$ cat model.cif   # mmCIF, C-alpha atoms and all ligand atoms
data_final
loop_
_atom_site.label_atom_id
_atom_site.label_comp_id
_atom_site.auth_asym_id
_atom_site.auth_seq_id
_atom_site.Cartn_x
_atom_site.Cartn_y
_atom_site.Cartn_z
CA MET A 1 16.39 13.33 -10.50
CA SER A 2 12.86 14.61 -10.80
CA PHE A 3 10.79 13.96 -13.86
CA ILE A 4 8.59 16.87 -14.83
CA ASN A 5 6.06 16.14 -17.52
CA TYR A 6 4.27 19.19 -18.88
CA SER A 7 2.16 17.03 -21.13
CA SER A 8 0.51 14.94 -18.44
CA ARG A 9 1.17 17.69 -15.87
CA GLU A 10 2.97 15.47 -13.42
CA ILE A 11 6.03 15.79 -11.22
CA ASN A 12 7.74 12.61 -10.07
CA CYS A 13 10.35 12.63 -7.33
CA LYS A 14 12.36 9.86 -5.72
CA ILE A 15 12.93 9.56 -1.98
CA VAL A 16 15.14 6.82 -0.54
CA TYR A 17 15.04 5.41 2.99
CA TYR A 18 18.57 4.49 4.05
CA GLY A 19 19.94 2.94 7.24
CA PRO A 20 21.40 -0.20 8.81
CA GLY A 21 19.77 -3.63 8.72
CA LEU A 22 16.58 -3.99 10.80
CA CYS A 23 16.39 -0.28 11.66
CA GLY A 24 12.81 -0.09 10.37
CA LYS A 25 12.94 1.24 6.80
CA THR A 26 10.49 -1.27 5.40
CA THR A 27 8.22 -0.71 8.42
CA ASN A 28 8.07 3.02 7.56
CA LEU A 29 6.81 2.20 4.07
CA GLN A 30 4.34 -0.35 5.38
CA PHE A 31 2.85 2.20 7.74
CA ILE A 32 2.58 4.83 5.01
CA TYR A 33 0.95 2.28 2.75
CA LYS A 34 -1.54 1.31 5.44
CA LYS A 35 -2.53 4.88 6.20
CA THR A 36 -2.92 6.26 2.68
CA ASN A 37 -6.16 6.36 0.74
CA PRO A 38 -6.39 3.75 -2.03
CA GLU A 39 -6.61 6.38 -4.77
CA GLN A 40 -3.38 7.96 -3.58
CA LYS A 41 -1.17 4.91 -3.66
CA GLY A 42 0.03 2.15 -5.93
CA LYS A 43 1.13 -1.31 -4.86
CA LEU A 44 3.80 -1.70 -2.22
CA ILE A 45 6.40 -3.84 -3.96
CA SER A 46 8.83 -5.65 -1.68
CA LEU A 47 11.69 -7.65 -3.08
CA ALA A 48 12.53 -9.50 0.10
CA THR A 49 14.11 -12.70 1.35
CA GLU A 50 12.02 -15.46 2.92
CA THR A 51 12.76 -13.95 6.30
CA GLU A 52 11.37 -10.55 5.27
CA ARG A 53 14.71 -8.85 4.97
CA THR A 54 14.88 -6.47 2.05
CA LEU A 55 16.79 -8.16 -0.76
CA PHE A 56 16.81 -5.44 -3.41
CA PHE A 57 14.29 -2.73 -2.57
CA ASP A 58 10.79 -1.83 -1.43
CA PHE A 59 8.88 0.54 -3.64
CA LEU A 60 5.78 2.59 -2.93
CA PRO A 61 4.40 5.19 -5.34
CA LEU A 62 2.43 7.95 -3.60
CA ALA A 63 0.28 10.56 -5.29
CA LEU A 64 -0.14 13.21 -2.67
CA GLY A 65 -2.19 15.74 -4.56
CA ASP A 66 -1.81 18.75 -6.81
CA ILE A 67 0.38 21.80 -6.72
CA ARG A 68 -0.50 24.54 -9.17
CA GLY A 69 -2.23 22.09 -11.46
CA PHE A 70 0.57 19.54 -11.39
CA LYS A 71 0.03 16.10 -9.91
CA VAL A 72 2.80 15.51 -7.37
CA ARG A 73 4.06 11.94 -7.09
CA PHE A 74 6.68 10.62 -4.75
CA HIS A 75 8.36 7.31 -5.40
CA LEU A 76 9.52 5.92 -2.09
CA TYR A 77 12.28 3.32 -2.03
CA THR A 78 14.08 1.52 0.77
CA VAL A 79 17.55 0.04 0.42
CA PRO A 80 18.55 -3.34 1.85
CA GLY A 81 20.40 -2.49 5.06
CA GLN A 82 22.49 -5.61 5.49
CA VAL A 83 26.15 -4.82 4.93
CA PHE A 84 26.74 -7.29 2.10
CA TYR A 85 24.10 -5.70 -0.14
CA ALA A 86 26.39 -2.74 -0.80
CA ALA A 87 26.15 -3.00 -4.58
CA SER A 88 22.34 -2.90 -4.53
CA ARG A 89 22.29 0.15 -2.29
CA LYS A 90 24.35 2.05 -4.81
CA LEU A 91 21.93 1.21 -7.60
CA ILE A 92 18.91 2.35 -5.66
CA LEU A 93 20.46 5.69 -4.77
CA LYS A 94 20.82 6.56 -8.46
CA GLY A 95 18.80 9.61 -9.36
CA VAL A 96 17.63 10.24 -5.81
CA ASP A 97 15.96 13.56 -4.96
CA GLY A 98 15.88 13.19 -1.18
CA VAL A 99 17.12 10.83 1.51
CA ILE A 100 15.72 9.79 4.88
CA PHE A 101 18.29 8.23 7.14
CA VAL A 102 16.60 5.85 9.57
CA ALA A 103 18.73 5.13 12.63
CA ASP A 104 18.10 2.33 15.11
CA SER A 105 17.98 3.96 18.55
CA GLN A 106 19.19 0.89 20.43
CA ILE A 107 22.57 1.54 22.04
CA GLU A 108 24.08 -1.63 20.62
CA ARG A 109 23.20 -0.51 17.08
CA MET A 110 25.05 2.81 17.25
CA GLU A 111 28.09 1.47 15.46
CA ALA A 112 25.91 0.00 12.71
CA ASN A 113 24.18 3.38 12.35
CA MET A 114 27.48 5.19 11.96
CA GLU A 115 28.76 2.67 9.47
CA SER A 116 25.62 2.97 7.39
CA LEU A 117 25.78 6.77 7.42
CA GLU A 118 29.38 6.61 6.23
CA ASP A 119 28.33 4.20 3.48
CA LEU A 120 25.57 6.62 2.45
CA LYS A 121 27.98 9.53 2.20
CA ILE A 122 30.42 7.54 0.10
CA ASN A 123 27.72 6.31 -2.24
CA LEU A 124 26.28 9.78 -2.67
CA ALA A 125 29.71 11.23 -3.33
CA GLU A 126 30.27 8.66 -6.08
CA GLN A 127 27.27 10.14 -7.84
CA GLY A 128 28.45 13.67 -7.27
CA TYR A 129 25.99 14.44 -4.47
CA ALA A 130 26.92 15.89 -1.12
CA ILE A 131 24.70 15.06 1.81
CA GLU A 132 24.72 18.71 2.93
CA LYS A 133 23.21 19.78 -0.38
CA LEU A 134 20.54 17.12 -0.66
CA PRO A 135 17.03 17.22 0.81
CA TYR A 136 17.68 15.10 3.85
CA ALA A 137 16.34 14.27 7.32
CA VAL A 138 17.20 11.84 10.10
CA GLN A 139 14.77 9.57 11.90
CA TYR A 140 15.58 8.05 15.28
CA ASN A 141 13.44 4.95 15.22
CA LYS A 142 12.49 2.38 17.86
CA ARG A 143 12.06 4.98 20.59
CA ASP A 144 9.62 2.59 22.30
CA LEU A 145 12.39 0.23 23.37
CA SER A 146 14.08 0.46 26.77
CA ASN A 147 17.70 0.27 25.68
CA VAL A 148 17.78 3.41 23.57
CA ALA A 149 20.57 5.96 23.35
CA PRO A 150 19.82 9.52 24.48
CA LEU A 151 18.84 11.89 21.69
CA GLU A 152 21.73 14.26 22.36
CA GLU A 153 24.17 11.47 21.83
CA MET A 154 22.49 10.31 18.65
CA ASN A 155 22.52 13.83 17.30
CA LYS A 156 26.18 14.13 18.11
CA LEU A 157 27.09 10.89 16.37
CA LEU A 158 24.68 10.91 13.46
CA ASN A 159 23.65 14.47 12.82
CA ALA A 160 26.75 16.64 12.84
CA ASN A 161 25.15 19.11 10.43
CA GLY A 162 22.10 19.58 12.60
CA VAL A 163 19.48 18.73 9.98
CA GLN A 164 15.85 18.11 10.90
CA TRP A 165 15.44 14.96 12.98
CA PHE A 166 12.45 13.02 14.27
CA GLU A 167 11.80 10.47 16.95
CA ALA A 168 9.82 7.52 15.65
CA VAL A 169 8.14 4.26 16.43
CA ALA A 170 7.55 3.01 12.92
CA PRO A 171 5.12 0.12 13.62
CA THR A 172 2.64 2.50 15.27
CA GLY A 173 3.45 5.38 12.95
CA THR A 174 4.89 7.87 15.43
CA GLY A 175 7.10 10.24 13.48
CA VAL A 176 6.64 8.41 10.17
CA PHE A 177 4.66 11.01 8.23
CA GLU A 178 6.50 13.86 9.93
CA THR A 179 9.80 12.57 8.56
CA LEU A 180 8.44 12.02 5.07
CA LYS A 181 6.86 15.42 5.03
CA SER A 182 10.09 17.12 6.00
CA VAL A 183 12.03 15.63 3.10
CA ALA A 184 9.17 15.92 0.60
CA LYS A 185 8.97 19.59 1.40
CA GLN A 186 12.69 20.08 0.91
CA VAL A 187 12.48 18.27 -2.44
CA LEU A 188 9.71 20.55 -3.68
CA LEU A 189 11.52 23.65 -2.48
CA GLU A 190 14.56 22.44 -4.39
CA LEU A 191 12.45 22.25 -7.55
CA LYS A 192 11.32 25.78 -6.92
CA LYS A 193 14.94 26.89 -6.83
CA HIS A 194 15.74 25.26 -10.15
CA TYR A 195 12.67 25.83 -12.29
CA MET B 1 22.13 19.15 -7.39
CA ALA B 2 24.12 16.78 -9.55
CA GLY B 3 22.47 14.90 -12.38
CA SER B 4 19.84 16.53 -14.49
CA ASP B 5 16.12 16.42 -14.09
CA LEU B 6 14.06 15.22 -16.99
CA VAL B 7 11.73 17.92 -18.20
CA MET B 8 9.33 17.08 -20.96
CA TYR B 9 6.98 19.39 -22.79
CA GLU B 10 3.82 18.65 -24.74
CA ASN B 11 5.53 18.77 -28.09
CA GLU B 12 8.26 16.22 -27.34
CA PHE B 13 5.86 14.03 -25.49
CA GLN B 14 3.68 13.81 -28.56
CA LYS B 15 6.59 12.77 -30.72
CA ILE B 16 7.56 10.08 -28.26
CA ASP B 17 4.00 8.92 -28.08
CA GLU B 18 3.83 8.66 -31.87
CA GLU B 19 6.97 6.52 -31.96
CA LEU B 20 5.55 4.17 -29.35
CA GLN B 21 2.21 3.88 -31.15
CA LYS B 22 4.04 3.05 -34.34
CA LEU B 23 6.17 0.42 -32.65
CA HIS B 24 3.15 -1.08 -30.94
CA GLN B 25 1.44 -1.49 -34.27
CA GLN B 26 4.32 -2.57 -36.44
CA ALA B 27 5.73 -5.05 -33.96
CA ASN B 28 2.29 -6.48 -33.30
CA ALA B 29 3.00 -6.04 -29.63
CA THR B 30 0.57 -6.29 -26.73
CA VAL B 31 1.96 -3.26 -24.92
CA VAL B 32 4.92 -0.95 -25.30
CA PHE B 33 6.39 1.17 -22.48
CA LEU B 34 9.04 3.77 -22.14
CA VAL B 35 10.60 4.02 -18.69
CA ASP B 36 13.15 6.36 -17.25
CA LYS B 37 16.30 4.63 -15.96
CA ASN B 38 15.26 5.64 -12.45
CA GLY B 39 12.01 3.75 -12.73
CA GLN B 40 9.54 6.41 -13.73
CA LEU B 41 7.08 5.66 -16.48
CA ILE B 42 7.35 8.12 -19.37
CA ALA B 43 4.80 6.85 -21.87
CA SER B 44 3.03 3.74 -23.06
CA ALA B 45 1.08 2.38 -26.01
CA GLY B 46 -1.42 -0.45 -26.20
CA ASP B 47 -3.87 -1.79 -23.69
CA THR B 48 -2.47 -1.08 -20.26
CA HIS B 49 -5.71 -1.58 -18.33
CA ASP B 50 -4.74 -4.86 -16.71
CA ILE B 51 -1.18 -3.83 -16.03
CA ASP B 52 0.16 -2.01 -12.99
CA THR B 53 2.34 0.29 -15.06
CA THR B 54 3.95 2.10 -12.14
CA SER B 55 5.19 -1.12 -10.55
CA LEU B 56 6.25 -2.46 -13.90
CA ALA B 57 8.32 0.66 -14.55
CA SER B 58 10.07 0.48 -11.20
CA LEU B 59 10.83 -3.23 -11.46
CA THR B 60 12.09 -2.91 -15.03
CA ALA B 61 14.47 -0.18 -13.97
CA GLY B 62 15.60 -2.35 -11.05
CA ASN B 63 16.16 -5.20 -13.48
CA ILE B 64 18.25 -3.06 -15.82
CA ALA B 65 20.18 -1.61 -12.89
CA ALA B 66 20.97 -5.07 -11.52
CA THR B 67 22.09 -6.50 -14.85
CA GLY B 68 24.08 -3.33 -15.45
CA GLY B 69 25.84 -3.97 -12.15
CA ILE B 70 26.57 -7.55 -13.20
CA ALA B 71 27.88 -6.32 -16.55
CA ARG B 72 30.35 -4.00 -14.90
CA LEU B 73 31.59 -6.81 -12.67
CA LEU B 74 32.28 -8.82 -15.81
CA GLY B 75 33.96 -5.89 -17.53
CA GLU B 76 31.11 -5.42 -19.97
CA LYS B 77 29.85 -1.88 -20.41
CA GLU B 78 26.20 -2.72 -20.10
CA PHE B 79 23.81 -5.36 -21.43
CA THR B 80 21.68 -3.32 -23.73
CA ILE B 81 19.04 -5.95 -24.38
CA LEU B 82 17.21 -8.28 -22.01
CA PHE B 83 14.70 -10.84 -23.10
CA HIS B 84 12.41 -12.90 -20.89
CA GLU B 85 10.27 -15.65 -22.34
CA GLY B 86 7.08 -16.68 -20.62
CA GLU B 87 4.40 -19.25 -21.38
CA LYS B 88 2.13 -16.71 -23.02
CA ASP B 89 3.82 -13.36 -22.86
CA ASN B 90 7.36 -12.39 -23.64
CA ILE B 91 9.12 -9.24 -22.63
CA HIS B 92 11.86 -7.48 -24.57
CA ILE B 93 13.76 -4.76 -22.71
CA SER B 94 16.31 -2.48 -24.30
CA LEU B 95 18.35 0.42 -23.10
CA ILE B 96 18.27 3.54 -25.24
CA GLY B 97 20.98 6.17 -25.17
CA GLN B 98 22.01 5.22 -21.61
CA ARG B 99 18.98 7.06 -20.34
CA VAL B 100 15.65 5.42 -21.04
CA ILE B 101 14.36 1.87 -21.22
CA LEU B 102 12.08 0.58 -23.92
CA VAL B 103 9.87 -2.34 -22.91
CA VAL B 104 7.90 -4.43 -25.40
CA ILE B 105 5.47 -7.10 -24.24
CA PHE B 106 4.29 -9.48 -26.93
CA ASP B 107 2.67 -12.90 -27.38
CA GLN B 108 2.47 -15.51 -30.15
CA ARG B 109 0.95 -13.01 -32.53
CA SER B 110 4.40 -11.54 -32.92
CA SER B 111 7.93 -12.92 -32.84
CA LEU B 112 11.28 -12.07 -31.31
CA GLY B 113 12.72 -11.39 -34.76
CA LEU B 114 10.04 -8.89 -35.66
CA VAL B 115 10.23 -7.17 -32.27
CA ARG B 116 14.01 -6.86 -32.53
CA LEU B 117 13.82 -5.37 -35.96
CA ARG B 118 11.20 -2.79 -35.04
CA VAL B 119 12.81 -1.93 -31.71
CA LYS B 120 15.99 -1.07 -33.55
CA LYS B 121 14.19 1.46 -35.70
CA THR B 122 12.38 2.98 -32.75
CA SER B 123 15.58 3.17 -30.73
CA GLU B 124 17.21 5.31 -33.36
CA ALA B 125 14.29 7.68 -33.48
CA LEU B 126 14.04 7.90 -29.69
CA THR B 127 17.76 8.45 -29.25
CA LYS B 128 17.48 11.46 -31.48
CA LEU B 129 14.41 12.75 -29.66
CA PHE B 130 16.05 12.49 -26.27
CA GLU B 131 19.16 14.25 -27.51
CA ASP B 132 16.92 17.11 -28.56
CA ILE B 133 15.17 17.15 -25.20
CA THR B 134 18.46 17.27 -23.33
CA SER B 135 19.94 20.05 -25.43
CA LYS B 136 16.75 22.05 -25.21
CA ALA B 137 16.69 21.71 -21.43
CA GLU B 138 20.32 22.77 -21.18
CA LYS B 139 19.73 25.74 -23.40
CA GLU B 140 16.77 26.93 -21.37
CA LYS B 141 18.63 26.47 -18.17
CA SER B 142 21.60 28.51 -19.36
CA GLU B 143 19.27 31.24 -20.55
CA GLY B 144 17.70 31.17 -17.13
CA LYS B 145 14.35 30.75 -18.77
CA ALA B 146 11.94 29.67 -16.12
CA ALA B 147 9.20 30.36 -18.66
CA ASP B 148 5.83 29.64 -17.16
CA SER B 149 7.28 27.47 -14.44
CA PRO B 150 4.60 26.32 -12.05
CA PHE B 151 7.22 25.85 -9.35
CA ALA B 152 8.49 29.36 -9.00
CA GLU B 153 5.45 30.18 -6.94
CA ILE B 154 5.19 27.12 -4.73
CA SER B 155 4.39 28.25 -1.22
CA ASP B 156 4.79 26.50 2.09
CA GLU B 157 1.03 26.40 2.21
CA ASP B 158 0.80 24.48 -1.08
CA ILE B 159 3.15 21.91 0.32
CA ASP B 160 1.37 21.65 3.65
CA ASN B 161 -1.87 21.07 1.78
CA LEU B 162 -0.43 17.93 0.23
CA PHE B 163 -0.15 16.37 3.65
CA LYS B 164 -3.54 17.18 5.06
N1 LIG A 201 9.98 -2.14 18.83
C1 LIG A 201 10.10 -1.64 17.61
N2 LIG A 201 10.32 -2.47 16.59
C2 LIG A 201 10.46 -1.94 15.34
C3 LIG A 201 10.38 -0.56 15.11
N3 LIG A 201 10.54 -0.33 13.79
C4 LIG A 201 10.72 -1.54 13.22
N4 LIG A 201 10.67 -2.52 14.15
C5 LIG A 201 10.83 -3.96 13.92
O1 LIG A 201 12.15 -4.22 13.48
C6 LIG A 201 12.18 -5.31 12.56
C7 LIG A 201 12.90 -4.90 11.29
O2 LIG A 201 12.17 -3.89 10.62
P1 LIG A 201 12.28 -3.66 9.05
O3 LIG A 201 11.41 -2.50 8.72
O4 LIG A 201 12.06 -4.90 8.30
O5 LIG A 201 13.83 -3.25 8.94
P2 LIG A 201 14.62 -2.79 7.65
O6 LIG A 201 15.32 -1.54 8.01
O7 LIG A 201 13.75 -2.74 6.46
O8 LIG A 201 15.70 -3.97 7.51
P3 LIG A 201 16.47 -4.48 6.17
O9 LIG A 201 15.44 -4.75 5.16
O10 LIG A 201 17.24 -5.69 6.57
O11 LIG A 201 17.40 -3.36 5.80
C8 LIG A 201 10.73 -5.70 12.33
O12 LIG A 201 10.44 -6.81 13.12
C9 LIG A 201 9.95 -4.47 12.79
O13 LIG A 201 8.68 -4.82 13.28
C10 LIG A 201 10.14 0.31 16.25
O14 LIG A 201 10.06 1.55 16.13
N5 LIG A 201 10.02 -0.30 17.46
MG MG A 202 13.76 -3.65 4.67
#

$ encode --input "model.cif" --output "structure tokens" --more "lines below"
Ligand SMILES: Nc1nc2c(ncn2[C@@H]2O[C@H](COP(=O)(O)OP(=O)(O)OP(=O)(O)O)[C@@H](O)[C@H]2O)c(=O)[nH]1
Ligand SMILES: [Mg+2]
Amino acid sequence: MSFINYSSREINCKIVYYGPGLCGKTTNLQFIYKKTNPEQKGKLISLATETERTLFFDFLPLALGDIRGFKVRFHLYTVPGQVFYAASRKLILKGVDGVIFVADSQIERMEANMESLEDLKINLAEQGYAIEKLPYAVQYNKRDLSNVAPLEEMNKLLNANGVQWFEAVAPTGTGVFETLKSVAKQVLLELKKHY
Amino acid sequence: MAGSDLVMYENEFQKIDEELQKLHQQANATVVFLVDKNGQLIASAGDTHDIDTTSLASLTAGNIAATGGIARLLGEKEFTILFHEGEKDNIHISLIGQRVILVVIFDQRSSLGLVRLRVKKTSEALTKLFEDITSKAEKEKSEGKAADSPFAEISDEDIDNLFK
């Protein structure tokens, strides 16, 4: 759900990073935070456990610039990936404008990826969203590791609809902005359709 | 897309702003905020210089969402009021019309009783305002009135420029 304010001339949109535990969602936000100019970003808020696992969400507000005199702001959120935080994931998806599914490329995490994708679809459906209709992209993260699944296989298992996908190594930033840009663009084009 | 976007024009924004200013004054509050249920700040009144309003908005919405989840587990519809007491500052959070969250921060110059009383008045006024905003948005949408929409003309180039 975007918030368009004609008075302050701002557009606010919400993008959620989804995916299984430890796939690198928080790392995506940390890299974006690190690489953005101070005047473009707010604080990176992380509600995490003592072992740095996301407990409720991470939040990063980004002001990217202006379009036609409107300040464009993206609110980036990550969900907690661990299975037992199901209830929190649902809450964070509320009012989402676009989703980035981060998959862990390691072969042994393929089942966790598929489970998380299924969970995402169910949670979106509960809100009346269909993944095919939502601004959405897939990121295959951790491509730097040696035990990764081939891309064709990942696409087959996790990207049946053939949406835009990106290879990534989140700690060094490979693919991070590319993925964000893809979904941000889709979100703005969606606004164009509706207003 | 399911769910409706929140579109606010100058006129409505001013009315909301007036309500918040009034509440800020009459409740003797430090700061007053209005936050969308999804964590976006709508408006504020009072001295917000020392406060990270964007973070506050997101965390407040998270707070309301979490307690809402707890409420449903207990078979309650929703807890409409949350109150946190600190050493110096207190925070009073209330849910208005299932859609927006009113946050009042106050210290010893005010009291919970006064804040409650004033919040109730403001809630009624805001509920009405947001009903108007929703019906206006629906009307314009059904009439296909894109008016002077700045988005109709967004080009790929505009978007690429954001990521330079
Ligand atoms: N080698 C490698 N490690 C990565 C990559 N991305 C993330 N990591 C590491 O994986 C671990 C987990 O990353 P997080 O970003 O915290 O994972 P998360 O998805 O937020 O996990 P939850 O909060 O539990 O859902 C951290 O130690 C990261 O440094 C990557 O591309 N390559
Ligand atoms: Mg995390």

$ interface_residues --input "model.cif" --of "chain B" --to "chain A" --cutoff "10 Å" --atoms "only C-alpha atoms" --output "compact mmCIF listing (two decimals) with C-alpha atoms, in the coordinates of the input"
# COMPACT_ATOMS: atom_id res chain seq x y z
CA MET B 1 22.13 19.15 -7.39
CA ALA B 2 24.12 16.78 -9.55
CA GLY B 3 22.47 14.90 -12.38
CA SER B 4 19.84 16.53 -14.49
CA ASP B 5 16.12 16.42 -14.09
CA LEU B 6 14.06 15.22 -16.99
CA VAL B 7 11.73 17.92 -18.20
CA MET B 8 9.33 17.08 -20.96
CA TYR B 9 6.98 19.39 -22.79
CA GLU B 10 3.82 18.65 -24.74
CA ASN B 11 5.53 18.77 -28.09
CA GLU B 12 8.26 16.22 -27.34
CA PHE B 13 5.86 14.03 -25.49
CA GLN B 14 3.68 13.81 -28.56
CA ASP B 36 13.15 6.36 -17.25
CA LYS B 37 16.30 4.63 -15.96
CA ASN B 38 15.26 5.64 -12.45
CA GLY B 39 12.01 3.75 -12.73
CA GLN B 40 9.54 6.41 -13.73
CA LEU B 41 7.08 5.66 -16.48
CA ILE B 42 7.35 8.12 -19.37
CA ALA B 43 4.80 6.85 -21.87
CA ASP B 52 0.16 -2.01 -12.99
CA THR B 53 2.34 0.29 -15.06
CA THR B 54 3.95 2.10 -12.14
CA SER B 55 5.19 -1.12 -10.55
CA SER B 58 10.07 0.48 -11.20
CA LEU B 59 10.83 -3.23 -11.46
CA ALA B 61 14.47 -0.18 -13.97
CA GLY B 62 15.60 -2.35 -11.05
CA ILE B 64 18.25 -3.06 -15.82
CA ALA B 65 20.18 -1.61 -12.89
CA ALA B 66 20.97 -5.07 -11.52
CA GLY B 68 24.08 -3.33 -15.45
CA GLY B 69 25.84 -3.97 -12.15
CA ILE B 70 26.57 -7.55 -13.20
CA LYS B 141 18.63 26.47 -18.17
CA GLY B 144 17.70 31.17 -17.13
CA LYS B 145 14.35 30.75 -18.77
CA ALA B 146 11.94 29.67 -16.12
CA ALA B 147 9.20 30.36 -18.66
CA ASP B 148 5.83 29.64 -17.16
CA SER B 149 7.28 27.47 -14.44
CA PRO B 150 4.60 26.32 -12.05
CA PHE B 151 7.22 25.85 -9.35
CA ALA B 152 8.49 29.36 -9.00
CA GLU B 153 5.45 30.18 -6.94
CA ILE B 154 5.19 27.12 -4.73
CA SER B 155 4.39 28.25 -1.22
CA ASP B 156 4.79 26.50 2.09
CA ASP B 158 0.80 24.48 -1.08
CA ILE B 159 3.15 21.91 0.32
CA ASP B 160 1.37 21.65 3.65
CA ASN B 161 -1.87 21.07 1.78
CA LEU B 162 -0.43 17.93 0.23
CA PHE B 163 -0.15 16.37 3.65
CA LYS B 164 -3.54 17.18 5.06

$ residues_around --input "model.cif" --residues "Thr174 in chain A" --least-positions-apart "2" --cutoff "12 Å" --atoms "only C-alpha atoms" --output "MDAnalysis selection string"
chainID A and resid 27:28 31:32 139:144 166:172 176:180

$ atom_distance --input "model.cif" --atom1 "CA of Val148 in chain A" --atom2 "CA of Ser46 in chain A"
28.3 Å

$ closest_residue --input "model.cif" --among "A:Ile131, A:Leu145, A:Ala125, A:Val183" --to "ligand LIG 201 (chain A)" --atoms "only C-alpha atoms and all ligand atoms"
A:Leu145

$ atom_distance --input "model.cif" --atom1 "CA of Lys88 in chain B" --atom2 "CA of Asp107 in chain B"
5.8 Å

$ atom_distance --input "model.cif" --atom1 "atom O5 of ligand LIG 201 (chain A)" --atom2 "CA of Gln82 in chain A"
9.6 Å

$ residues_around --input "model.cif" --residues "range 111-116 of chain B" --least-positions-apart "2" --cutoff "10 Å" --atoms "only C-alpha atoms" --output "MDAnalysis selection string"
chainID B and resid 23:24 26:29 81 83 85 90:92 94 104:109 118:122

$ residues_near_ligand --input "model.cif" --ligand "ligand MG 202 (chain A)" --cutoff "12 Å" --atoms "all atoms listed in the file" --output "MDAnalysis selection string"
chainID A and resid 16:30 45:49 51:59 77:82 85 89 102

$ closest_residue --input "model.cif" --among "A:Phe84, A:Lys71, A:Glu132, A:Ala137" --to "ligand LIG 201 (chain A)" --atoms "all atoms listed in the file"
A:Phe84

$ closest_residue --input "model.cif" --among "A:Met114, A:Ala160, A:Val138, A:Val83" --to "ligand LIG 201 (chain A)" --atoms "only C-alpha atoms and all ligand atoms"
A:Val83

$ closest_residue --input "model.cif" --among "A:Asn155, A:Thr36, A:Ser146, A:Asn161" --to "ligand LIG 201 (chain A)" --atoms "all atoms listed in the file"
A:Ser146

$ axis_aligned_box --input "model.cif" --around "range 4-12 of chain B" --padding-each-side "4 Å" --output "lines of an AutoDock Vina configuration file"
center_x = 11.8
center_y = 17.3
center_z = -21.1
size_x = 24.0
size_y = 12.2
size_z = 22.0

$ closest_residue --input "model.cif" --among "A:Leu62, A:Ala103, A:Ala86, A:Leu76" --to "Ile122 in chain A" --atoms "all atoms listed in the file"
A:Ala86

$ build_atoms --input "model.cif" --residues "range 45-58 of chain B" --atoms "N, CA and C atoms" --output "short mmCIF file (atom, residue, chain, number, x, y, z; two decimals), in the coordinates of the input"
data_model
loop_
_atom_site.label_atom_id
_atom_site.label_comp_id
_atom_site.auth_asym_id
_atom_site.auth_seq_id
_atom_site.Cartn_x
_atom_site.Cartn_y
_atom_site.Cartn_z
N ALA B 45 2.02 2.55 -24.91
CA ALA B 45 1.08 2.38 -26.01
C ALA B 45 0.50 0.98 -25.92
N GLY B 46 -0.77 0.85 -26.28
CA GLY B 46 -1.42 -0.45 -26.20
C GLY B 46 -2.34 -0.50 -25.00
N ASP B 47 -2.87 -1.66 -24.74
CA ASP B 47 -3.87 -1.79 -23.69
C ASP B 47 -3.21 -2.03 -22.34
N THR B 48 -3.17 -0.97 -21.54
CA THR B 48 -2.47 -1.08 -20.26
C THR B 48 -3.44 -1.27 -19.08
N HIS B 49 -4.70 -1.50 -19.39
CA HIS B 49 -5.71 -1.58 -18.33
C HIS B 49 -5.39 -2.60 -17.25
N ASP B 50 -4.94 -3.78 -17.68
CA ASP B 50 -4.74 -4.86 -16.71
C ASP B 50 -3.34 -4.85 -16.12
N ILE B 51 -2.57 -3.83 -16.46
CA ILE B 51 -1.18 -3.83 -16.03
C ILE B 51 -0.93 -2.70 -15.04
N ASP B 52 -0.24 -3.02 -13.97
CA ASP B 52 0.16 -2.01 -12.99
C ASP B 52 1.43 -1.35 -13.54
N THR B 53 1.22 -0.29 -14.30
CA THR B 53 2.34 0.29 -15.06
C THR B 53 3.40 0.91 -14.15
N THR B 54 2.97 1.47 -13.04
CA THR B 54 3.95 2.10 -12.14
C THR B 54 4.90 1.06 -11.55
N SER B 55 4.35 -0.05 -11.09
CA SER B 55 5.19 -1.12 -10.55
C SER B 55 6.08 -1.69 -11.64
N LEU B 56 5.48 -1.89 -12.80
CA LEU B 56 6.25 -2.46 -13.90
C LEU B 56 7.46 -1.57 -14.23
N ALA B 57 7.23 -0.28 -14.23
CA ALA B 57 8.32 0.66 -14.55
C ALA B 57 9.43 0.55 -13.52
N SER B 58 9.06 0.53 -12.25
CA SER B 58 10.07 0.48 -11.20
C SER B 58 10.86 -0.83 -11.23
#
